[in-house]
Each structure stands twice: as C-alpha cells, then as structure tokens.
file my_file.csv (CSV, C-alpha atoms and all ligand atoms)
chain,number,residue,atom,x,y,z
A,1,MET,CA,-31.3,24.0,53.2
A,2,ARG,CA,-27.7,24.2,51.8
A,3,LYS,CA,-26.9,27.7,50.4
A,4,ILE,CA,-27.8,27.8,46.7
A,5,GLN,CA,-24.8,28.5,44.4
A,6,MET,CA,-24.8,29.1,40.7
A,7,VAL,CA,-22.2,26.3,40.6
A,8,ASP,CA,-21.5,24.4,43.8
A,9,LEU,CA,-17.9,23.3,43.4
A,10,GLN,CA,-17.5,22.8,47.1
A,11,ALA,CA,-20.4,20.3,47.4
A,12,GLN,CA,-19.1,18.4,44.3
A,13,TYR,CA,-15.5,18.3,45.7
A,14,GLN,CA,-16.9,16.7,49.0
A,15,GLN,CA,-18.3,13.8,46.9
A,16,ILE,CA,-15.0,13.0,45.2
A,17,LYS,CA,-12.5,14.4,47.8
A,18,GLU,CA,-10.6,11.2,48.4
A,19,GLU,CA,-10.0,10.3,44.7
A,20,ILE,CA,-9.0,13.9,44.0
A,21,ASN,CA,-6.6,14.2,46.9
A,22,GLU,CA,-5.0,10.9,46.1
A,23,SER,CA,-4.5,11.9,42.5
A,24,ILE,CA,-3.0,15.3,43.4
A,25,GLN,CA,-0.8,13.6,46.0
A,26,GLU,CA,0.6,11.3,43.2
A,27,VAL,CA,1.8,14.4,41.3
A,28,LEU,CA,3.3,15.9,44.4
A,29,THR,CA,5.2,12.7,45.0
A,30,ASN,CA,6.5,12.3,41.4
A,31,CYS,CA,7.1,16.1,41.0
A,32,SER,CA,6.6,15.9,37.3
A,33,PHE,CA,4.6,19.2,37.2
A,34,ILE,CA,4.8,20.1,33.5
A,35,ASN,CA,4.2,17.8,30.5
A,36,GLY,CA,4.5,14.7,32.7
A,37,PRO,CA,2.9,11.3,32.6
A,38,THR,CA,-0.3,12.5,34.3
A,39,VAL,CA,-1.0,15.0,31.4
A,40,LYS,CA,-0.4,12.2,28.9
A,41,GLN,CA,-2.7,9.8,30.7
A,42,PHE,CA,-5.5,12.4,30.8
A,43,GLN,CA,-4.9,13.2,27.1
A,44,LEU,CA,-5.3,9.5,26.2
A,45,ASN,CA,-8.3,9.0,28.4
A,46,LEU,CA,-10.0,12.1,26.9
A,47,GLU,CA,-9.2,10.9,23.4
A,48,ASN,CA,-10.8,7.6,24.2
A,49,TYR,CA,-13.9,9.2,25.8
A,50,LEU,CA,-14.4,11.6,22.8
A,51,LYS,CA,-13.4,9.0,20.2
A,52,VAL,CA,-11.1,11.5,18.6
A,53,LYS,CA,-7.6,10.9,17.3
A,54,HIS,CA,-5.8,13.8,19.0
A,55,VAL,CA,-6.3,15.8,22.2
A,56,ILE,CA,-3.8,18.7,22.6
A,57,PRO,CA,-4.0,20.0,26.2
A,58,CYS,CA,-3.3,23.7,26.7
A,59,GLY,CA,-3.6,26.5,29.2
A,60,ASN,CA,-7.3,27.4,28.9
A,61,GLY,CA,-10.2,27.5,26.4
A,62,THR,CA,-9.2,30.9,25.0
A,63,ASP,CA,-5.7,29.6,24.2
A,64,ALA,CA,-7.3,26.5,22.6
A,65,LEU,CA,-9.2,28.8,20.2
A,66,GLN,CA,-6.1,30.9,19.6
A,67,VAL,CA,-3.7,28.1,18.8
A,68,ALA,CA,-6.4,26.4,16.6
A,69,LEU,CA,-6.5,29.6,14.5
A,70,MET,CA,-2.7,29.8,14.5
A,71,ALA,CA,-2.4,26.3,13.1
A,72,LEU,CA,-4.4,27.4,10.0
A,73,ASP,CA,-1.8,29.8,8.6
A,74,LEU,CA,-4.3,32.6,8.0
A,75,LYS,CA,-3.3,36.1,6.9
A,76,PRO,CA,-4.2,39.4,8.6
A,77,GLY,CA,-7.5,40.5,7.2
A,78,ASP,CA,-8.8,37.0,6.5
A,79,GLU,CA,-12.4,36.7,7.8
A,80,VAL,CA,-13.6,34.3,10.4
A,81,ILE,CA,-17.4,34.0,10.9
A,82,THR,CA,-18.8,33.5,14.4
A,83,THR,CA,-21.8,34.4,16.5
A,84,THR,CA,-22.4,37.7,18.2
A,85,PHE,CA,-24.1,35.9,21.1
A,86,THR,CA,-21.3,34.2,22.9
A,87,PHE,CA,-18.5,34.7,25.5
A,88,ILE,CA,-16.0,37.3,24.3
A,89,ALA,CA,-13.1,34.8,24.0
A,90,THR,CA,-14.5,33.4,20.8
A,91,ALA,CA,-14.1,36.7,18.9
A,92,GLU,CA,-11.2,38.0,21.0
A,93,VAL,CA,-8.7,35.5,19.6
A,94,ILE,CA,-9.8,36.3,16.0
A,95,ALA,CA,-9.1,40.0,16.6
A,96,LEU,CA,-5.8,39.3,18.5
A,97,LEU,CA,-4.4,37.4,15.5
A,98,GLN,CA,-5.4,40.4,13.2
A,99,LEU,CA,-8.0,38.4,11.5
A,100,THR,CA,-11.4,39.9,11.0
A,101,PRO,CA,-14.3,38.7,13.1
A,102,VAL,CA,-17.4,38.6,11.0
A,103,LEU,CA,-20.4,38.3,13.4
A,104,VAL,CA,-23.8,36.8,12.6
A,105,ASP,CA,-27.0,36.4,14.6
A,106,VAL,CA,-28.3,33.3,16.3
A,107,GLU,CA,-31.4,31.2,16.1
A,108,PRO,CA,-34.1,32.3,18.6
A,109,ASP,CA,-34.8,28.8,20.0
A,110,THR,CA,-31.4,27.2,20.4
A,111,PHE,CA,-29.3,30.4,20.7
A,112,ASN,CA,-26.8,28.8,18.3
A,113,ILE,CA,-25.4,30.3,15.2
A,114,ASP,CA,-27.9,31.0,12.4
A,115,LEU,CA,-26.8,29.0,9.4
A,116,ALA,CA,-28.6,31.1,6.8
A,117,ALA,CA,-26.9,34.1,8.2
A,118,ILE,CA,-23.5,32.4,7.8
A,119,GLU,CA,-24.1,31.8,4.2
A,120,LYS,CA,-25.0,35.4,3.6
A,121,ALA,CA,-21.8,36.5,5.4
A,122,ILE,CA,-19.4,34.5,3.3
A,123,THR,CA,-17.1,36.6,1.1
A,124,PRO,CA,-13.9,35.7,-0.9
A,125,LYS,CA,-11.9,36.6,2.3
A,126,THR,CA,-13.8,34.1,4.5
A,127,LYS,CA,-11.5,31.3,5.7
A,128,ALA,CA,-13.2,29.8,8.7
A,129,ILE,CA,-16.3,29.5,10.8
A,130,ILE,CA,-16.4,29.2,14.6
A,131,PRO,CA,-19.7,27.8,15.7
A,132,VAL,CA,-20.3,27.9,19.5
A,133,HIS,CA,-22.2,25.1,21.1
A,134,LEU,CA,-23.8,27.5,23.5
A,135,PHE,CA,-24.9,26.5,26.9
A,136,GLY,CA,-24.2,22.9,26.2
A,137,GLN,CA,-26.1,22.1,23.0
A,138,CYS,CA,-24.5,21.5,19.7
A,139,ALA,CA,-25.1,23.8,16.7
A,140,ASP,CA,-26.5,22.1,13.6
A,141,MET,CA,-23.1,20.7,12.6
A,142,GLU,CA,-24.2,18.5,9.7
A,143,THR,CA,-25.7,21.4,7.8
A,144,LEU,CA,-22.8,23.6,8.9
A,145,MET,CA,-20.1,21.1,7.7
A,146,ALA,CA,-21.9,20.8,4.3
A,147,LEU,CA,-21.9,24.6,4.0
A,148,ALA,CA,-18.2,24.8,5.0
A,149,ALA,CA,-17.3,22.1,2.5
A,150,LYS,CA,-19.2,23.9,-0.3
A,151,HIS,CA,-17.1,27.1,0.4
A,152,HIS,CA,-13.8,25.4,1.3
A,153,LEU,CA,-13.8,26.8,4.9
A,154,TYR,CA,-12.3,25.5,8.1
A,155,VAL,CA,-14.5,24.8,11.0
A,156,ILE,CA,-13.3,25.3,14.6
A,157,GLU,CA,-15.9,24.2,17.1
A,158,ASP,CA,-16.1,26.3,20.3
A,159,ALA,CA,-17.1,23.4,22.6
A,160,CYS,CA,-16.0,25.2,25.7
A,161,GLN,CA,-19.5,24.8,27.2
A,162,ALA,CA,-20.4,21.5,25.6
A,163,ILE,CA,-17.9,18.8,26.4
A,164,GLY,CA,-19.6,15.4,26.4
A,165,ALA,CA,-22.6,16.5,24.3
A,166,ASN,CA,-23.5,14.2,21.4
A,167,TYR,CA,-24.3,15.4,17.9
A,168,HIS,CA,-26.6,13.1,16.0
A,169,PHE,CA,-26.2,12.9,12.2
A,170,SER,CA,-29.1,12.1,9.9
A,171,ASN,CA,-27.5,8.7,9.1
A,172,GLY,CA,-27.8,7.7,12.8
A,173,GLU,CA,-24.2,8.2,13.6
A,174,SER,CA,-23.3,10.3,16.7
A,175,LYS,CA,-20.1,12.2,17.5
A,176,LYS,CA,-19.0,14.2,20.5
A,177,ALA,CA,-19.1,18.0,20.4
A,178,GLY,CA,-15.8,19.3,19.3
A,179,THR,CA,-14.8,16.2,17.2
A,180,ILE,CA,-16.7,17.1,14.0
A,181,GLY,CA,-15.0,20.2,12.6
A,182,THR,CA,-11.5,20.7,11.5
A,183,MET,CA,-10.7,21.3,15.2
A,184,GLY,CA,-12.7,21.6,18.4
A,185,CYS,CA,-11.8,23.5,21.5
A,186,THR,CA,-12.7,23.2,25.1
A,187,SER,CA,-12.2,24.9,28.4
A,188,PHE,CA,-11.6,23.2,31.8
A,189,PHE,CA,-12.4,26.4,33.7
A,190,PRO,CA,-13.6,25.3,37.2
A,191,SER,CA,-17.3,26.0,36.5
A,192,LYS,CA,-17.3,24.1,33.2
A,193,ASN,CA,-19.0,20.7,33.0
A,194,LEU,CA,-15.5,19.1,33.1
A,195,GLY,CA,-13.7,21.7,35.2
A,196,CYS,CA,-10.3,21.6,36.9
A,197,TYR,CA,-9.2,23.7,40.0
A,198,GLY,CA,-7.5,26.4,38.0
A,199,ASP,CA,-7.2,27.0,34.3
A,200,GLY,CA,-7.1,24.4,31.5
A,201,GLY,CA,-8.2,23.8,28.0
A,202,ALA,CA,-7.7,21.5,25.0
A,203,VAL,CA,-7.9,21.3,21.2
A,204,PHE,CA,-9.3,18.2,19.6
A,205,THR,CA,-8.7,17.1,16.0
A,206,ASN,CA,-8.7,14.0,13.8
A,207,ASP,CA,-6.1,15.5,11.5
A,208,ASP,CA,-2.6,14.1,12.2
A,209,ALA,CA,-0.7,17.0,10.6
A,210,LEU,CA,-2.7,19.6,12.4
A,211,ALA,CA,-2.2,17.8,15.7
A,212,GLN,CA,1.5,17.7,15.2
A,213,LYS,CA,1.6,21.4,14.5
A,214,LEU,CA,-0.6,22.2,17.4
A,215,ARG,CA,1.7,20.3,19.8
A,216,GLY,CA,4.5,22.5,18.6
A,217,ILE,CA,2.5,25.8,18.7
A,218,VAL,CA,1.5,25.3,22.4
A,219,ASN,CA,5.2,24.7,23.2
A,220,HIS,CA,6.9,27.8,21.8
A,221,GLY,CA,6.7,26.5,18.2
A,222,MET,CA,9.2,23.9,19.1
A,223,PHE,CA,9.4,20.4,17.6
A,224,VAL,CA,13.0,19.6,18.5
A,225,ARG,CA,14.2,21.1,21.8
A,226,TYR,CA,15.4,24.7,21.4
A,227,TYR,CA,14.7,24.7,17.6
A,228,HIS,CA,11.8,27.0,16.9
A,229,ASP,CA,10.3,26.3,13.5
A,230,ILE,CA,7.2,28.4,13.8
A,231,VAL,CA,6.0,31.2,16.1
A,232,GLY,CA,4.2,29.6,19.1
A,233,VAL,CA,3.0,30.3,22.6
A,234,ASN,CA,3.5,28.9,26.0
A,235,SER,CA,0.2,27.2,26.8
A,236,ARG,CA,0.2,24.1,28.9
A,237,LEU,CA,-2.1,22.1,31.1
A,238,ASP,CA,-0.2,21.5,34.3
A,239,SER,CA,0.0,18.0,35.9
A,240,ILE,CA,-2.0,18.9,39.0
A,241,GLN,CA,-4.9,20.1,36.8
A,242,ALA,CA,-4.6,17.0,34.6
A,243,ALA,CA,-4.7,14.8,37.7
A,244,ILE,CA,-8.0,16.5,38.8
A,245,LEU,CA,-9.5,16.3,35.3
A,246,ASP,CA,-8.6,12.6,34.9
A,247,ILE,CA,-10.7,11.8,38.0
A,248,LYS,CA,-13.5,14.1,37.0
A,249,LEU,CA,-13.6,12.7,33.5
A,250,LYS,CA,-14.7,9.3,35.0
A,251,HIS,CA,-17.7,11.2,36.5
A,252,LEU,CA,-18.5,13.3,33.5
A,253,ASP,CA,-21.4,11.2,32.1
A,254,THR,CA,-23.0,11.1,35.6
A,255,TYR,CA,-22.5,14.8,35.9
A,256,ILE,CA,-24.3,15.4,32.6
A,257,GLU,CA,-27.1,13.1,33.8
A,258,LYS,CA,-27.5,15.2,37.0
A,259,ARG,CA,-27.6,18.4,35.1
A,260,ASN,CA,-30.3,16.9,32.9
A,261,GLN,CA,-32.3,15.9,36.0
A,262,ALA,CA,-32.1,19.5,37.3
A,263,ALA,CA,-33.1,20.8,33.9
A,264,ALA,CA,-36.0,18.4,33.7
A,265,TYR,CA,-37.2,19.6,37.1
A,266,TYR,CA,-37.0,23.2,35.9
A,267,ASN,CA,-38.8,22.4,32.6
A,268,GLN,CA,-41.6,20.7,34.4
A,269,ALA,CA,-42.1,23.5,36.9
A,270,PHE,CA,-42.2,26.1,34.1
A,271,ALA,CA,-44.0,24.1,31.4
A,272,GLY,CA,-46.6,26.1,29.5
A,273,HIS,CA,-46.0,29.3,31.5
A,274,SER,CA,-46.7,32.2,29.1
A,275,ASN,CA,-43.9,34.4,30.6
A,276,LEU,CA,-41.1,31.7,30.6
A,277,LYS,CA,-39.6,30.1,27.5
A,278,THR,CA,-37.7,27.0,28.5
A,279,PRO,CA,-34.6,25.8,26.6
A,280,ALA,CA,-35.4,24.4,23.2
A,281,LEU,CA,-34.1,20.9,22.6
A,282,ALA,CA,-32.8,20.3,19.0
A,283,ASN,CA,-33.4,16.8,17.6
A,284,TYR,CA,-29.8,16.7,16.3
A,285,SER,CA,-28.0,17.1,19.7
A,286,ASN,CA,-28.5,16.2,23.3
A,287,HIS,CA,-28.0,19.0,25.9
A,288,VAL,CA,-25.4,18.9,28.6
A,289,PHE,CA,-26.8,22.0,30.3
A,290,HIS,CA,-23.7,23.9,31.1
A,291,GLN,CA,-26.3,26.6,31.6
A,292,TYR,CA,-30.1,26.5,32.1
A,293,THR,CA,-31.2,29.6,30.4
A,294,LEU,CA,-34.8,30.9,30.2
A,295,VAL,CA,-36.2,33.7,28.0
A,296,LEU,CA,-38.4,36.0,30.1
A,297,GLN,CA,-41.4,37.2,28.0
A,298,ASN,CA,-43.4,40.2,29.0
A,299,ALA,CA,-41.8,40.4,32.4
A,300,ASP,CA,-39.5,43.0,33.9
A,301,ARG,CA,-36.2,41.2,34.2
A,302,LYS,CA,-34.7,43.6,36.7
A,303,LYS,CA,-37.6,43.0,39.1
A,304,VAL,CA,-37.2,39.2,38.7
A,305,ILE,CA,-33.5,39.4,39.5
A,306,ASP,CA,-34.1,41.7,42.5
A,307,TYR,CA,-36.7,39.3,43.9
A,308,MET,CA,-34.4,36.3,43.4
A,309,GLN,CA,-31.5,38.1,45.1
A,310,GLU,CA,-33.8,38.9,48.0
A,311,LYS,CA,-34.4,35.2,48.4
A,312,GLU,CA,-30.7,34.5,48.1
A,313,ILE,CA,-31.0,32.7,44.8
A,314,PRO,CA,-28.2,33.5,42.5
A,315,VAL,CA,-29.1,34.1,38.8
A,316,MET,CA,-27.0,35.3,36.0
A,317,ILE,CA,-27.3,37.0,32.6
A,318,TYR,CA,-25.4,35.1,29.9
A,319,TYR,CA,-24.8,37.5,28.0
A,320,PRO,CA,-26.0,41.0,28.7
A,321,VAL,CA,-24.2,42.6,25.7
A,322,PRO,CA,-23.8,40.9,22.3
A,323,LEU,CA,-20.3,41.2,20.9
A,324,HIS,CA,-21.1,43.7,18.1
A,325,LEU,CA,-22.2,46.1,20.8
A,326,GLN,CA,-19.1,45.7,23.0
A,327,LYS,CA,-16.9,48.7,23.2
A,328,ALA,CA,-13.8,46.9,22.2
A,329,TYR,CA,-15.5,45.5,19.1
A,330,THR,CA,-17.3,48.6,17.8
A,331,ASN,CA,-16.9,48.7,14.1
A,332,PRO,CA,-18.6,50.8,11.4
A,333,ARG,CA,-19.7,47.5,10.0
A,334,TYR,CA,-22.2,47.0,12.9
A,335,SER,CA,-24.8,49.0,14.8
A,336,VAL,CA,-27.7,48.5,17.1
A,337,GLY,CA,-30.5,46.5,15.4
A,338,ASP,CA,-28.2,44.5,13.1
A,339,PHE,CA,-28.7,41.3,15.0
A,340,PRO,CA,-32.2,41.5,16.5
A,341,VAL,CA,-32.3,38.0,17.9
A,342,SER,CA,-29.1,38.3,19.9
A,343,GLU,CA,-30.1,41.8,21.0
A,344,TYR,CA,-33.5,40.5,22.2
A,345,LEU,CA,-31.9,37.6,24.0
A,346,ALA,CA,-29.4,39.9,25.7
A,347,GLU,CA,-32.3,41.8,27.2
A,348,HIS,CA,-34.5,38.9,28.1
A,349,VAL,CA,-32.5,35.8,29.1
A,350,ILE,CA,-31.8,34.7,32.6
A,351,SER,CA,-29.8,31.7,33.8
A,352,LEU,CA,-30.7,29.7,36.9
A,353,PRO,CA,-28.3,27.8,39.2
A,354,MET,CA,-27.1,24.7,37.3
A,355,HIS,CA,-24.7,22.2,38.7
A,356,THR,CA,-24.3,18.6,39.7
A,357,GLU,CA,-25.3,18.9,43.4
A,358,LEU,CA,-28.8,20.6,43.2
A,359,ASP,CA,-31.2,18.7,45.5
A,360,GLU,CA,-34.9,18.6,45.3
A,361,GLU,CA,-35.4,21.1,48.2
A,362,GLN,CA,-33.2,23.6,46.4
A,363,LEU,CA,-34.9,23.0,43.1
A,364,LEU,CA,-38.4,23.5,44.7
A,365,TYR,CA,-37.2,26.7,46.4
A,366,ILE,CA,-35.8,28.1,43.2
A,367,THR,CA,-38.7,27.2,40.9
A,368,SER,CA,-41.4,28.4,43.4
A,369,HIS,CA,-39.6,31.7,43.9
A,370,LEU,CA,-39.1,32.2,40.2
A,371,LEU,CA,-42.8,31.7,39.7
A,372,ASN,CA,-43.5,34.2,42.5
A,373,ALA,CA,-41.1,36.7,40.9
A,374,ILE,CA,-42.8,36.4,37.6
A,375,ASP,CA,-46.2,37.1,39.2
A,376,ILE,CA,-44.7,40.4,40.6
A,377,ALA,CA,-42.8,41.3,37.4
A,378,LYS,CA,-45.1,40.4,34.6
A,379,GLN,CA,-46.2,43.2,32.3
A,401,LIG,C1,-18.0,29.8,24.7
A,401,LIG,C2,-16.7,30.0,25.4
A,401,LIG,N1,-15.6,30.1,24.6
A,401,LIG,C3,-14.4,30.3,25.2
A,401,LIG,C4,-14.3,30.3,26.6
A,401,LIG,C5,-12.9,30.5,27.1
A,401,LIG,O1,-12.4,29.5,28.0
A,401,LIG,P1,-11.4,29.9,29.2
A,401,LIG,O2,-12.1,30.7,30.2
A,401,LIG,O3,-10.9,28.6,29.7
A,401,LIG,O4,-10.3,30.7,28.5
A,401,LIG,C6,-15.4,30.1,27.4
A,401,LIG,C7,-15.3,30.0,28.9
A,401,LIG,O5,-15.1,30.8,29.6
A,401,LIG,C8,-16.6,29.9,26.8
A,401,LIG,O6,-17.7,29.8,27.5

call {"tool": "encode", "arguments": {"input": "my_file.csv", "output": "structure tokens"}}
result
Amino acid sequence: MRKIQMVDLQAQYQQIKEEINESIQEVLTNCSFINGPTVKQFQLNLENYLKVKHVIPCGNGTDALQVALMALDLKPGDEVITTTFTFIATAEVIALLQLTPVLVDVEPDTFNIDLAAIEKAITPKTKAIIPVHLFGQCADMETLMALAAKHHLYVIEDACQAIGANYHFSNGESKKAGTIGTMGCTSFFPSKNLGCYGDGGAVFTNDDALAQKLRGIVNHGMFVRYYHDIVGVNSRLDSIQAAILDIKLKHLDTYIEKRNQAAAYYNQAFAGHSNLKTPALANYSNHVFHQYTLVLQNADRKKVIDYMQEKEIPVMIYYPVPLHLQKAYTNPRYSVGDFPVSEYLAEHVISLPMHTELDEEQLLYITSHLLNAIDIAKQ
C-alpha cells in the first residue's frame, strides 16, 4: 500500500506531470515571470469557471483577505464580525488593519458561522462580516446576505477552503463560493483544493469599481506607473504558479468529485456509529471536502490519535484552539466559555486524510483502524 498522506501532492503531480511541466516550461521560455500573459490567462479562465466578473490574483489567501478589507476604506476601530472557529488568517488581517475583530460562535453541525450570533453582535460600529466556508461547505449565504443588506454591511467571503463549491439559493439559482458577497477570497496554498506549488491567492468580485481599486492595491496602490494614489501592498501571483493553476483548474471538478468519493466511503464506514459524528451536509451548499472532519463523541481523542499514529495514518486537528482563546487575540471582551460550540469542537474534532489520490485499499485501512481506535478509546 502507498504511504498514506494527509494530502498526497506527489501522487497527484504524477498524474498531471506532463501537462504541468509543459506549462512551466512555457513560462521559462517566455521569461515573463511577473504579471505576464500566463497570469492574465489564468485570471480569465478562473472568472469563466466561477462566473464572476473579476478575479484579482494576489500573493496568498491572507493577502486576499487583507486587500479586500483595504478596498473598503474602513477606519481604525470599525468592527468586522467573523467566526472564532477558523484559521487565524481570517482574524489576523482585521487586527493588522487596526479594525476590531468581533468573534462569534459557529453552528454545531456545519461548523459555519452562527447567523443568530451575528445579528446579536452587530453594533453601530459594525461595517463588515467575514463568513468562512469552513472545510469546503458554504455558510448560509442567502440568509447572511439578507442580514447584511438589512444592516448595510459589506460581506467578504473567506472561500480559501471552498473553491468550486456551489451555493444553492431558494429560487433554484446556484453561485460559486466566493462570488456572492461584496468580495470573495481564496488561497492557492499547495494543499488547497486548487493549490499551486508555492503561495498564491485571489479576490473575486462582481463590482467594477472595487475590482479596479483592488488591482491598484495589490500593486503598490499604483494605477499609472509610478503614481501611487492610495496605500497599497506588493502582492502578486507569479507566472509559474499561474501556469500550474491554469492546468489544475481544468481538473478541479474531477478533484472535487474524487474528494466526494472518499468522503462517501468514510461516511458509509462510520454511518450510525454512536461515537462518530460525520460531516453534516447542508441543503443550500454542496461540499468540496477540503477537509473531512469528524466529531468524536464520548471517546478519548488523544488515544485515538496515538493509535492512528502507531498505524502510520496521519490525522490532524483543525483547529485545536478557537481564536478567542489564542494568546495573540486575548481580549477582555472574551473568556473561556463564551463560545461553547467552538470550544467543544476544538476539543472533539479530528480530520482524516483527504485528497484526490486516496485509493480503496487506503480508505479501508484508514476506516477500519479508526473503528479499532474508537473501540479502545471510547468512554
Ligand atoms: C479559512 C482560511 N482563511 C485564510 C487562509 C489563508 O490562506 P494562505 O495560507 O494562502 O495565506 C487559509 C489557508 O491557509 C484558510 O484555510
């Protein structure tokens, strides 16, 4: 059996090696490494795939979130509501821009932002909401957008884990994750569903004026060469990464399908098990399974992890500490117990290997050993 990886980028590369190598070679031949035609081509292809007017490529997903916030002309002290159960980048950029991150809890089933909690957290200083489509499933965007409209708030979707996911509106219409809010952000970090071989990210928007502004912000606030109208940053997707992404974009829907097949295998193996809560599927979104995350109920998680490690099966905890309990984000506003769902999840979740190259032998090995681990660790 091939060694099991949390994300098997090597096995994936072997499948598309020729296409990728050829695409990189083209960049090496034309030597247009920054802002060249390859980046433009990928941008257009991604706009087409997402059915969004503008994709603004940038250096990584964290920068995407930062430049999106910068484009909104917020003032220090303005409040931005987001979830406490996410990767740190979501709140980091809010804090970096001297805005105030206002954290709220998540829903116990989908792990996505709790909409009732958002409404309670809105104050006259609230300017924006950042929902995170955690693990690859969209937050309830229709309800969220209505709430944002009622309170005149911007919405920046953190779609770093959910590229390609479809959100279904009640009128039957569907839109891609990241194309519903004022702006959407994604990451092309190597392990992401659409990952490059270095760092990369992008902002999506249907707003022409914001797109124009974002293109300036990512390029030193420059609209005419060497004239800097606003304060910007240097955040670019380089041509080699764009060349890789342009190839991988063609495979994205197949990759999503493969992740769903692995998830279906896991779901079937764990169905009805009283110690394992499998991922909930919302009726308003499909799931692209960036992560396959279980909630362990009445079982000693450490024992489970130790057993899996003994069997050379990698497992991860996404995320062990909610943001309100992170040292850098301690704030008299928050204390232990404030967000019970996130705190419970932080102590009980476990993510299994999830990628496009898991075969049946590996899936059988993982599932049977997890069931053994639970037998040993149940309380
Ligand atoms: C939810 C979320 N937001 C933001 C980011 C930041 O993306 P990057 O690592 O490309 O900066 C990530 C990925 O790491 C993420 O998972």

call {"tool": "residues_near_ligand", "arguments": {"input": "my_file.csv", "ligand": "ligand LIG 401 (chain A)", "cutoff": "9 Å", "atoms": "all atoms listed in the file", "output": "PyMOL selection string"}}
result
chain A and resi 59-65+86-91+132-135+158-162+185-192+199-201

call {"tool": "closest_atom_pairs", "arguments": {"input": "my_file.csv", "of": "range 276-318 of chain A", "to": "range 111-117 of chain A", "cutoff": "12 Å", "atoms": "all atoms listed in the file", "output": "tab-separated table"}}
result
residue	atom	partner	partner_atom	distance
A:Thr278	CA	A:Phe111	CA	12.0
A:Pro279	CA	A:Phe111	CA	9.2
A:Ala280	CA	A:Phe111	CA	8.9
A:Leu281	CA	A:Phe111	CA	10.8
A:Ala282	CA	A:Asn112	CA	10.4
A:Ser285	CA	A:Asn112	CA	11.8
A:Gln291	CA	A:Phe111	CA	11.9
A:Thr293	CA	A:Phe111	CA	9.9
A:Leu294	CA	A:Phe111	CA	11.0
A:Val295	CA	A:Phe111	CA	10.6
A:Tyr318	CA	A:Phe111	CA	11.0

call {"tool": "closest_atom_pairs", "arguments": {"input": "my_file.csv", "of": "range 143-204 of chain A", "to": "range 73-81 of chain A", "cutoff": "12 Å", "atoms": "only C-alpha atoms", "output": "CSV"}}
result
residue,atom,partner,partner_atom,distance
A:Leu144,CA,A:Ile81,CA,11.9
A:Ala148,CA,A:Ile81,CA,11.0
A:Leu153,CA,A:Val80,CA,9.3
A:Tyr154,CA,A:Val80,CA,9.2
A:Val155,CA,A:Val80,CA,9.6
A:Ile156,CA,A:Val80,CA,9.9
A:Glu157,CA,A:Ile81,CA,11.7

call {"tool": "atom_distance", "arguments": {"input": "my_file.csv", "atom1": "CA of Ile34 in chain A", "atom2": "CA of Ala165 in chain A"}}
result
29.1 Å

call {"tool": "closest_residue", "arguments": {"input": "my_file.csv", "among": "A:Thr205, A:Thr100, A:Thr182, A:Gln66", "to": "Val52 in chain A", "atoms": "only C-alpha atoms"}}
result
A:Thr205

call {"tool": "closest_residue", "arguments": {"input": "my_file.csv", "among": "A:Pro108, A:Gly184, A:Gly221, A:Gly195", "to": "Leu9 in chain A", "atoms": "all atoms listed in the file"}}
result
A:Gly195

call {"tool": "atom_distance", "arguments": {"input": "my_file.csv", "atom1": "CA of Gln309 in chain A", "atom2": "CA of Gln261 in chain A"}}
result
24.0 Å

call {"tool": "closest_residue", "arguments": {"input": "my_file.csv", "among": "A:Ser239, A:Asn260, A:Gln268, A:Ser342", "to": "Glu357 in chain A", "atoms": "only C-alpha atoms"}}
result
A:Asn260

call {"tool": "closest_residue", "arguments": {"input": "my_file.csv", "among": "A:Ser174, A:Gln241, A:Asn283, A:Gln98", "to": "Ile20 in chain A", "atoms": "all atoms listed in the file"}}
result
A:Gln241

call {"tool": "closest_residue", "arguments": {"input": "my_file.csv", "among": "A:Ile163, A:Tyr284, A:His228, A:Ala95", "to": "Thr143 in chain A", "atoms": "all atoms listed in the file"}}
result
A:Tyr284

call {"tool": "residues_around", "arguments": {"input": "my_file.csv", "residues": "Ile376 in chain A", "least_positions_apart": "3", "cutoff": "8 Å", "atoms": "all atoms listed in the file", "output": "list in words"}}
result
Lys303, Val304, Asn372 and Ala373 of chain A

call {"tool": "axis_aligned_box", "arguments": {"input": "my_file.csv", "around": "range 91-110 of chain A", "padding_each_side": "6 Å", "output": "JSON"}}
result
{"center_x": -19.6, "center_y": 33.8, "center_z": 16.0, "size_x": 42.4, "size_y": 25.2, "size_z": 22.0}

call {"tool": "build_atoms", "arguments": {"input": "my_file.csv", "residues": "range 187-191 of chain A", "atoms": "all heavy atoms", "output": "mmCIF file, keeping the file's coordinate frame"}}
result
data_model
loop_
_atom_site.group_PDB
_atom_site.id
_atom_site.type_symbol
_atom_site.label_atom_id
_atom_site.label_comp_id
_atom_site.auth_asym_id
_atom_site.auth_seq_id
_atom_site.Cartn_x
_atom_site.Cartn_y
_atom_site.Cartn_z
ATOM 1 N N SER A 187 -12.749 24.223 27.253
ATOM 2 C CA SER A 187 -12.200 24.900 28.400
ATOM 3 C C SER A 187 -12.424 23.996 29.632
ATOM 4 O O SER A 187 -13.482 23.376 29.756
ATOM 5 C CB SER A 187 -12.962 26.206 28.633
ATOM 6 O OG SER A 187 -12.775 26.691 29.950
ATOM 7 N N PHE A 188 -11.427 23.956 30.505
ATOM 8 C CA PHE A 188 -11.600 23.200 31.800
ATOM 9 C C PHE A 188 -11.686 24.208 32.942
ATOM 10 O O PHE A 188 -11.301 23.888 34.073
ATOM 11 C CB PHE A 188 -10.420 22.256 31.991
ATOM 12 C CG PHE A 188 -10.241 21.251 30.886
ATOM 13 C CD1 PHE A 188 -9.004 21.113 30.238
ATOM 14 C CD2 PHE A 188 -11.275 20.423 30.496
ATOM 15 C CE1 PHE A 188 -8.823 20.181 29.230
ATOM 16 C CE2 PHE A 188 -11.106 19.490 29.477
ATOM 17 C CZ PHE A 188 -9.876 19.369 28.841
ATOM 18 N N PHE A 189 -12.141 25.417 32.666
ATOM 19 C CA PHE A 189 -12.400 26.400 33.700
ATOM 20 C C PHE A 189 -13.203 25.736 34.828
ATOM 21 O O PHE A 189 -14.063 24.895 34.528
ATOM 22 C CB PHE A 189 -13.141 27.601 33.098
ATOM 23 C CG PHE A 189 -13.313 28.770 34.016
ATOM 24 C CD1 PHE A 189 -12.269 29.644 34.253
ATOM 25 C CD2 PHE A 189 -14.529 28.992 34.660
ATOM 26 C CE1 PHE A 189 -12.426 30.728 35.118
ATOM 27 C CE2 PHE A 189 -14.699 30.067 35.515
ATOM 28 C CZ PHE A 189 -13.637 30.933 35.747
ATOM 29 N N PRO A 190 -12.952 26.066 36.111
ATOM 30 C CA PRO A 190 -13.600 25.300 37.200
ATOM 31 C C PRO A 190 -15.102 25.112 37.081
ATOM 32 O O PRO A 190 -15.619 24.055 37.438
ATOM 33 C CB PRO A 190 -13.232 26.143 38.441
ATOM 34 C CG PRO A 190 -11.946 26.815 38.077
ATOM 35 C CD PRO A 190 -12.008 27.085 36.604
ATOM 36 N N SER A 191 -15.815 26.126 36.576
ATOM 37 C CA SER A 191 -17.300 26.000 36.500
ATOM 38 C C SER A 191 -17.774 25.212 35.315
ATOM 39 O O SER A 191 -18.970 24.961 35.173
ATOM 40 C CB SER A 191 -17.914 27.376 36.537
ATOM 41 O OG SER A 191 -17.504 28.075 35.373
#
